[in-house]
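See below for data-v5.pdb, which holds PDB, C-alpha atoms.
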ATOM      1  CA  MET A 309     -62.318  46.440 -27.361
ATOM      2  CA  GLU A 310     -61.617  50.066 -26.844
ATOM      3  CA  ILE A 311     -61.404  49.525 -23.119
ATOM      4  CA  PHE A 312     -58.927  46.743 -23.639
ATOM      5  CA  ASN A 313     -56.799  48.913 -25.928
ATOM      6  CA  LEU A 314     -56.919  51.720 -23.395
ATOM      7  CA  TRP A 315     -55.945  49.390 -20.563
ATOM      8  CA  LEU A 316     -53.188  47.943 -22.750
ATOM      9  CA  SER A 317     -51.751  51.358 -23.577
ATOM     10  CA  ASN A 318     -51.852  52.415 -19.895
ATOM     11  CA  ASN A 319     -50.077  49.252 -18.740
ATOM     12  CA  LEU A 320     -47.651  48.880 -21.628
ATOM     13  CA  ALA A 321     -44.572  49.448 -19.450
ATOM     14  CA  ILE A 322     -45.676  46.751 -16.982
ATOM     15  CA  ILE A 323     -46.454  44.306 -19.792
ATOM     16  CA  PHE A 324     -43.053  45.019 -21.384
ATOM     17  CA  LEU A 325     -41.352  44.439 -18.029
ATOM     18  CA  ILE A 326     -43.176  41.116 -17.498
ATOM     19  CA  GLU A 327     -42.343  39.950 -21.034
ATOM     20  CA  SER A 328     -38.682  40.930 -20.515
ATOM     21  CA  LEU A 329     -38.623  38.979 -17.257
ATOM     22  CA  ILE A 330     -40.140  35.914 -18.969
ATOM     23  CA  ILE A 331     -37.576  36.152 -21.797
ATOM     24  CA  PHE A 332     -34.749  36.469 -19.248
ATOM     25  CA  ILE A 333     -35.993  33.378 -17.365
ATOM     26  CA  LEU A 334     -36.285  31.473 -20.632
ATOM     27  CA  LEU A 335     -32.700  32.448 -21.543
ATOM     28  CA  ILE A 336     -31.460  31.153 -18.176
ATOM     29  CA  LEU A 337     -33.352  27.893 -18.714
ATOM     30  CA  LEU A 338     -31.879  27.662 -22.217
ATOM     31  CA  VAL A 339     -28.312  28.008 -20.842
ATOM     32  CA  VAL A 340     -28.997  25.375 -18.146
ATOM     33  CA  LEU A 341     -30.444  22.966 -20.700
ATOM     34  CA  TYR A 342     -27.493  23.582 -23.045
ATOM     35  CA  LYS A 343     -25.038  22.664 -20.257
ATOM     36  CA  LYS A 344     -27.014  19.540 -19.358
ATOM     37  CA  GLN A 345     -27.150  18.548 -23.016
ATOM     38  CA  GLY A 346     -23.358  18.977 -23.229
ATOM     39  CA  ALA A 347     -22.863  16.741 -20.188
ATOM     40  CA  LEU A 348     -25.164  14.103 -21.695
ATOM     41  CA  LYS A 349     -23.255  14.310 -24.995
ATOM     42  CA  LYS A 350     -19.966  13.696 -23.154
ATOM     43  CA  LYS A 351     -21.446  10.647 -21.423
ATOM     44  CA  TYR A 352     -22.888   9.369 -24.687
ATOM     45  CA  ASP A 353     -19.531   9.827 -26.447
ATOM     46  CA  PHE A 354     -17.839   7.995 -23.564
ATOM     47  CA  PHE A 355     -20.165   4.994 -23.919
ATOM     48  CA  THR A 356     -20.053   4.934 -27.706
ATOM     49  CA  ASN A 357     -16.319   5.706 -27.943
ATOM     50  CA  GLY A 358     -17.114   8.699 -30.138
ATOM     51  CA  LYS A 359     -18.794   6.568 -32.826
ATOM     52  CA  ASP A 360     -22.217   7.301 -34.224
ATOM     53  CA  ALA A 361     -23.747   4.163 -32.786
ATOM     54  CA  ASN A 362     -27.037   3.151 -31.343
ATOM     55  CA  ILE A 363     -26.887   2.899 -27.541
ATOM     56  CA  ASP A 364     -28.511  -0.548 -27.767
ATOM     57  CA  THR A 365     -25.671  -1.775 -29.984
ATOM     58  CA  VAL A 366     -23.088  -0.328 -27.636
ATOM     59  CA  LEU A 367     -24.702  -1.902 -24.564
ATOM     60  CA  THR A 368     -24.951  -5.256 -26.347
ATOM     61  CA  GLU A 369     -21.229  -5.122 -27.188
ATOM     62  CA  ILE A 370     -20.346  -4.165 -23.616
ATOM     63  CA  LEU A 371     -22.430  -7.005 -22.161
ATOM     64  CA  THR A 372     -20.884  -9.483 -24.604
ATOM     65  CA  ASP A 373     -17.388  -8.349 -23.584
ATOM     66  CA  LEU A 374     -18.375  -8.526 -19.917
ATOM     67  CA  ARG A 375     -19.594 -12.100 -20.245
ATOM     68  CA  ALA A 376     -16.422 -13.105 -22.083
ATOM     69  CA  THR A 377     -14.339 -11.462 -19.349
ATOM     70  CA  GLN A 378     -16.313 -13.258 -16.644
ATOM     71  CA  ALA A 379     -15.751 -16.598 -18.382
ATOM     72  CA  GLU A 380     -12.037 -15.852 -18.687
ATOM     73  CA  LEU A 381     -11.897 -14.864 -15.014
ATOM     74  CA  ALA A 382     -13.584 -18.126 -13.981
ATOM     75  CA  GLU A 383     -11.060 -20.080 -16.064
ATOM     76  CA  LEU A 384      -8.150 -18.165 -14.505
ATOM     77  CA  GLN A 385      -9.530 -18.813 -11.023
ATOM     78  CA  GLN A 386      -9.664 -22.541 -11.785
ATOM     79  CA  LYS A 387      -6.082 -22.491 -13.028
ATOM     80  CA  HIS A 388      -5.027 -20.531  -9.956
ATOM     81  CA  SER A 389      -6.647 -23.107  -7.666
ATOM     82  CA  ALA A 390      -4.918 -25.954  -9.492
ATOM     83  CA  LEU A 391      -1.546 -24.198  -9.271
ATOM     84  CA  ARG A 392      -2.139 -23.423  -5.600
ATOM     85  CA  GLN A 393      -2.754 -27.131  -4.944
ATOM     86  CA  ARG A 394       0.476 -28.051  -6.747
ATOM     87  CA  VAL A 395       2.501 -25.420  -4.894
ATOM     88  CA  ARG A 396       1.354 -26.669  -1.486
ATOM     89  CA  GLY A 397       3.466 -29.782  -1.962
ATOM     90  CA  CYS A 398       6.501 -27.869  -3.227
ATOM     91  CA  LEU A 399       9.462 -26.838  -1.163
ATOM     92  CA  GLN A 400       8.577 -23.531   0.513
ATOM     93  CA  THR A 401      10.641 -23.398   3.683
ATOM     94  CA  VAL A 402      14.404 -23.572   3.605
ATOM     95  CA  LYS A 403      16.195 -22.759   6.869
ATOM     96  CA  LEU A 404      19.805 -23.315   7.809
ATOM     97  CA  GLU A 405      21.208 -23.322  11.334
ATOM     98  CA  ARG A 406      25.001 -23.413  11.692
ATOM     99  CA  TYR A 407      26.551 -24.251  15.045
ATOM    100  CA  ASP A 408      29.467 -25.806  16.893
ATOM    101  CA  ALA A 409      28.481 -29.360  17.784
ATOM    102  CA  PHE A 410      31.416 -29.758  20.200
ATOM    103  CA  GLU A 411      32.811 -27.173  22.590
ATOM    104  CA  ALA A 412      36.391 -27.705  21.486
ATOM    105  CA  MET A 413      35.468 -27.154  17.834
ATOM    106  CA  GLY A 414      35.222 -23.705  16.310
ATOM    107  CA  GLY A 415      34.083 -22.238  13.011
ATOM    108  CA  ARG A 416      30.464 -23.431  13.232
ATOM    109  CA  MET A 417      31.098 -26.274  10.798
ATOM    110  CA  SER A 418      28.062 -28.348  11.872
ATOM    111  CA  TYR A 419      24.667 -27.485  10.447
ATOM    112  CA  SER A 420      21.013 -28.463  10.277
ATOM    113  CA  LEU A 421      18.959 -27.753   7.177
ATOM    114  CA  LEU A 422      15.158 -27.735   7.131
ATOM    115  CA  LEU A 423      13.395 -28.391   3.817
ATOM    116  CA  ALA A 424       9.594 -28.290   4.149
ATOM    117  CA  ASP A 425       6.419 -27.555   2.217
ATOM    118  CA  GLU A 426       3.413 -25.447   3.182
ATOM    119  CA  ASN A 427       2.043 -28.193   5.433
ATOM    120  CA  LYS A 428       5.376 -28.337   7.313
ATOM    121  CA  ASP A 429       6.098 -31.756   5.825
ATOM    122  CA  GLY A 430       9.692 -32.406   4.780
ATOM    123  CA  ILE A 431      13.080 -33.318   6.182
ATOM    124  CA  ILE A 432      15.829 -31.990   8.390
ATOM    125  CA  LEU A 433      19.338 -32.746   7.183
ATOM    126  CA  THR A 434      21.959 -32.521   9.913
ATOM    127  CA  SER A 435      25.708 -32.742   9.554
ATOM    128  CA  ILE A 436      27.815 -33.002  12.707
ATOM    129  CA  TYR A 437      31.433 -32.045  12.083
ATOM    130  CA  GLY A 438      34.176 -33.423  14.326
ATOM    131  CA  ARG A 439      37.962 -33.541  14.135
ATOM    132  CA  GLU A 440      38.049 -37.230  13.359
ATOM    133  CA  ASP A 441      34.840 -37.702  11.404
ATOM    134  CA  ASN A 442      31.708 -36.152   9.997
ATOM    135  CA  ARG A 443      28.228 -37.642  10.495
ATOM    136  CA  SER A 444      25.066 -36.844   8.551
ATOM    137  CA  PHE A 445      21.462 -37.514   9.511
ATOM    138  CA  ALA A 446      18.136 -37.128   7.774
ATOM    139  CA  LYS A 447      14.983 -36.874   9.878
ATOM    140  CA  ASP A 448      11.484 -36.806   8.475
ATOM    141  CA  ILE A 449       9.048 -34.046   9.425
ATOM    142  CA  LYS A 450       5.256 -34.381   9.315
ATOM    143  CA  ALA A 451       3.113 -31.391  10.268
ATOM    144  CA  GLY A 452       6.071 -29.773  12.015
ATOM    145  CA  GLN A 453       6.833 -32.870  14.137
ATOM    146  CA  SER A 454       9.450 -35.579  13.738
ATOM    147  CA  SER A 455       9.247 -39.237  14.677
ATOM    148  CA  TYR A 456      12.917 -38.919  15.741
ATOM    149  CA  ALA A 457      14.305 -37.045  18.719
ATOM    150  CA  LEU A 458      15.455 -33.580  17.647
ATOM    151  CA  ALA A 459      18.455 -31.654  18.901
ATOM    152  CA  ASP A 460      17.951 -28.091  20.145
ATOM    153  CA  GLU A 461      19.374 -26.668  16.903
ATOM    154  CA  GLU A 462      16.930 -28.766  14.888
ATOM    155  CA  LYS A 463      14.008 -27.682  17.055
ATOM    156  CA  LYS A 464      14.985 -24.049  16.410
ATOM    157  CA  LEU A 465      14.392 -24.588  12.723
ATOM    158  CA  LEU A 466      10.828 -25.713  13.299
TER     159      LEU A 466
END
Let's see the structure in the file written out as structure tokens.
Amino acid sequence: MEIFNLWLSNNLAIIFLIESLIIFILLILLVVLYKKQGALKKKYDFFTNGKDANIDTVLTEILTDLRATQAELAELQQKHSALRQRVRGCLQTVKLERYDAFEAMGGRMSYSLLLADENKDGIILTSIYGREDNRSFAKDIKAGQSSYALADEEKKLL
């Protein structure tokens, strides 16, 4: 024991230095752990909305809300598809071409009007204006084609 005490007294400075180094390392680790604990607390508060709640309860609530949102999204997608189907048959293209049907006439009083849906189904209304009379025509359109002969101005609309 005496030898140990003698060795201890001779190496006291070295032992003190080693203990100081260990304490310094432990303090650094303590600061690092404190920062990590703060980051974890922020994340926990984010998930729990600052309430003192069990993480299981919070996750259960989140999953319940997620499932409800998914069901609502599926319902909205169905409604969107149904509306999209209805809109396909609605009037989507309206084009007007004004022109002079006769060389002697001015003012571009004649016109052709295209009314069509998404599938390019619809009609072309044409009004030919002349000095003596005015004539109107309606020509059906199916998939961008007409069963009637089309004038150049009417073809421009398609």
Would you compute the distance between CA of Leu458 (chain A) and CA of Gly397 (chain A)? Give it in Å to one decimal. 23.3 Å
If you count only C-alpha atoms, the residue of A:Lys349, A:Lys463, A:His388, A:Gln453 closest to Glu405 (chain A) turns out to be A:Lys463
May I ask which of the residues A:Gln345, A:Asn427, A:Ser418, A:Ser455 is the closest one to Arg443 (chain A), counting only C-alpha atoms? A:Ser418
Kindly provide, as a compact mmCIF listing (two decimals) with C-alpha atoms, in the coordinates of the input, the polymer residues lying within 12 Å of (5.8, -33.9, 13.5), counting all atoms listed in the file and using the coordinates exactly as they appear in the file.
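Below is the file selection28.txt, written as the result:
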# COMPACT_ATOMS: atom_id res chain seq x y z
CA ALA A 424 9.59 -28.29 4.15
CA ASN A 427 2.04 -28.19 5.43
CA LYS A 428 5.38 -28.34 7.31
CA ASP A 429 6.10 -31.76 5.82
CA GLY A 430 9.69 -32.41 4.78
CA ILE A 431 13.08 -33.32 6.18
CA ILE A 432 15.83 -31.99 8.39
CA LYS A 447 14.98 -36.87 9.88
CA ASP A 448 11.48 -36.81 8.48
CA ILE A 449 9.05 -34.05 9.43
CA LYS A 450 5.26 -34.38 9.32
CA ALA A 451 3.11 -31.39 10.27
CA GLY A 452 6.07 -29.77 12.02
CA GLN A 453 6.83 -32.87 14.14
CA SER A 454 9.45 -35.58 13.74
CA SER A 455 9.25 -39.24 14.68
CA TYR A 456 12.92 -38.92 15.74
CA ALA A 457 14.30 -37.04 18.72
CA LEU A 458 15.46 -33.58 17.65
CA LYS A 463 14.01 -27.68 17.06
CA LEU A 466 10.83 -25.71 13.30
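With CA of Asp408 (chain A) on one side and CA of Leu422 (chain A) on the other, the separation reads 17.4 Å.
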Distance CA of Thr356 (chain A)-CA of Leu371 (chain A), one decimal place?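 Taking CA of Thr356 (chain A) and CA of Leu371 (chain A), their separation equals 13.4 Å.
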Counting all atoms listed in the file, the residue of A:Lys464, A:Lys350, A:Leu384, A:Asp360 that sits nearest Leu404 (chain A):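 Nearest candidate to Leu404 (chain A) out of A:Lys464, A:Lys350, A:Leu384, A:Asp360: A:Lys464.
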Shell of 10 Å around region 389-395 of chain A, only C-alpha atoms, local chain residues under 6 positions omitted, as JSON, numbers by chain: {"A": [383, 425, 426]}
If the PyMOL selection byres ((chain A and resi 416) around 12) were run on this exact file, what residues would it hold? Put them as a PDB file with C-alpha atoms, in the frame of the given file.
ATOM      1  CA  LEU A 404      19.805 -23.315   7.809  1.00  0.00           C
ATOM      2  CA  GLU A 405      21.208 -23.322  11.334  1.00  0.00           C
ATOM      3  CA  ARG A 406      25.001 -23.413  11.692  1.00  0.00           C
ATOM      4  CA  TYR A 407      26.551 -24.251  15.045  1.00  0.00           C
ATOM      5  CA  ASP A 408      29.467 -25.806  16.893  1.00  0.00           C
ATOM      6  CA  ALA A 409      28.481 -29.360  17.784  1.00  0.00           C
ATOM      7  CA  PHE A 410      31.416 -29.758  20.200  1.00  0.00           C
ATOM      8  CA  GLU A 411      32.811 -27.173  22.590  1.00  0.00           C
ATOM      9  CA  ALA A 412      36.391 -27.705  21.486  1.00  0.00           C
ATOM     10  CA  MET A 413      35.468 -27.154  17.834  1.00  0.00           C
ATOM     11  CA  GLY A 414      35.222 -23.705  16.310  1.00  0.00           C
ATOM     12  CA  GLY A 415      34.083 -22.238  13.011  1.00  0.00           C
ATOM     13  CA  MET A 417      31.098 -26.274  10.798  1.00  0.00           C
ATOM     14  CA  SER A 418      28.062 -28.348  11.872  1.00  0.00           C
ATOM     15  CA  TYR A 419      24.667 -27.485  10.447  1.00  0.00           C
ATOM     16  CA  SER A 420      21.013 -28.463  10.277  1.00  0.00           C
ATOM     17  CA  SER A 435      25.708 -32.742   9.554  1.00  0.00           C
ATOM     18  CA  ILE A 436      27.815 -33.002  12.707  1.00  0.00           C
ATOM     19  CA  TYR A 437      31.433 -32.045  12.083  1.00  0.00           C
ATOM     20  CA  GLY A 438      34.176 -33.423  14.326  1.00  0.00           C
TER      21      GLY A 438
END
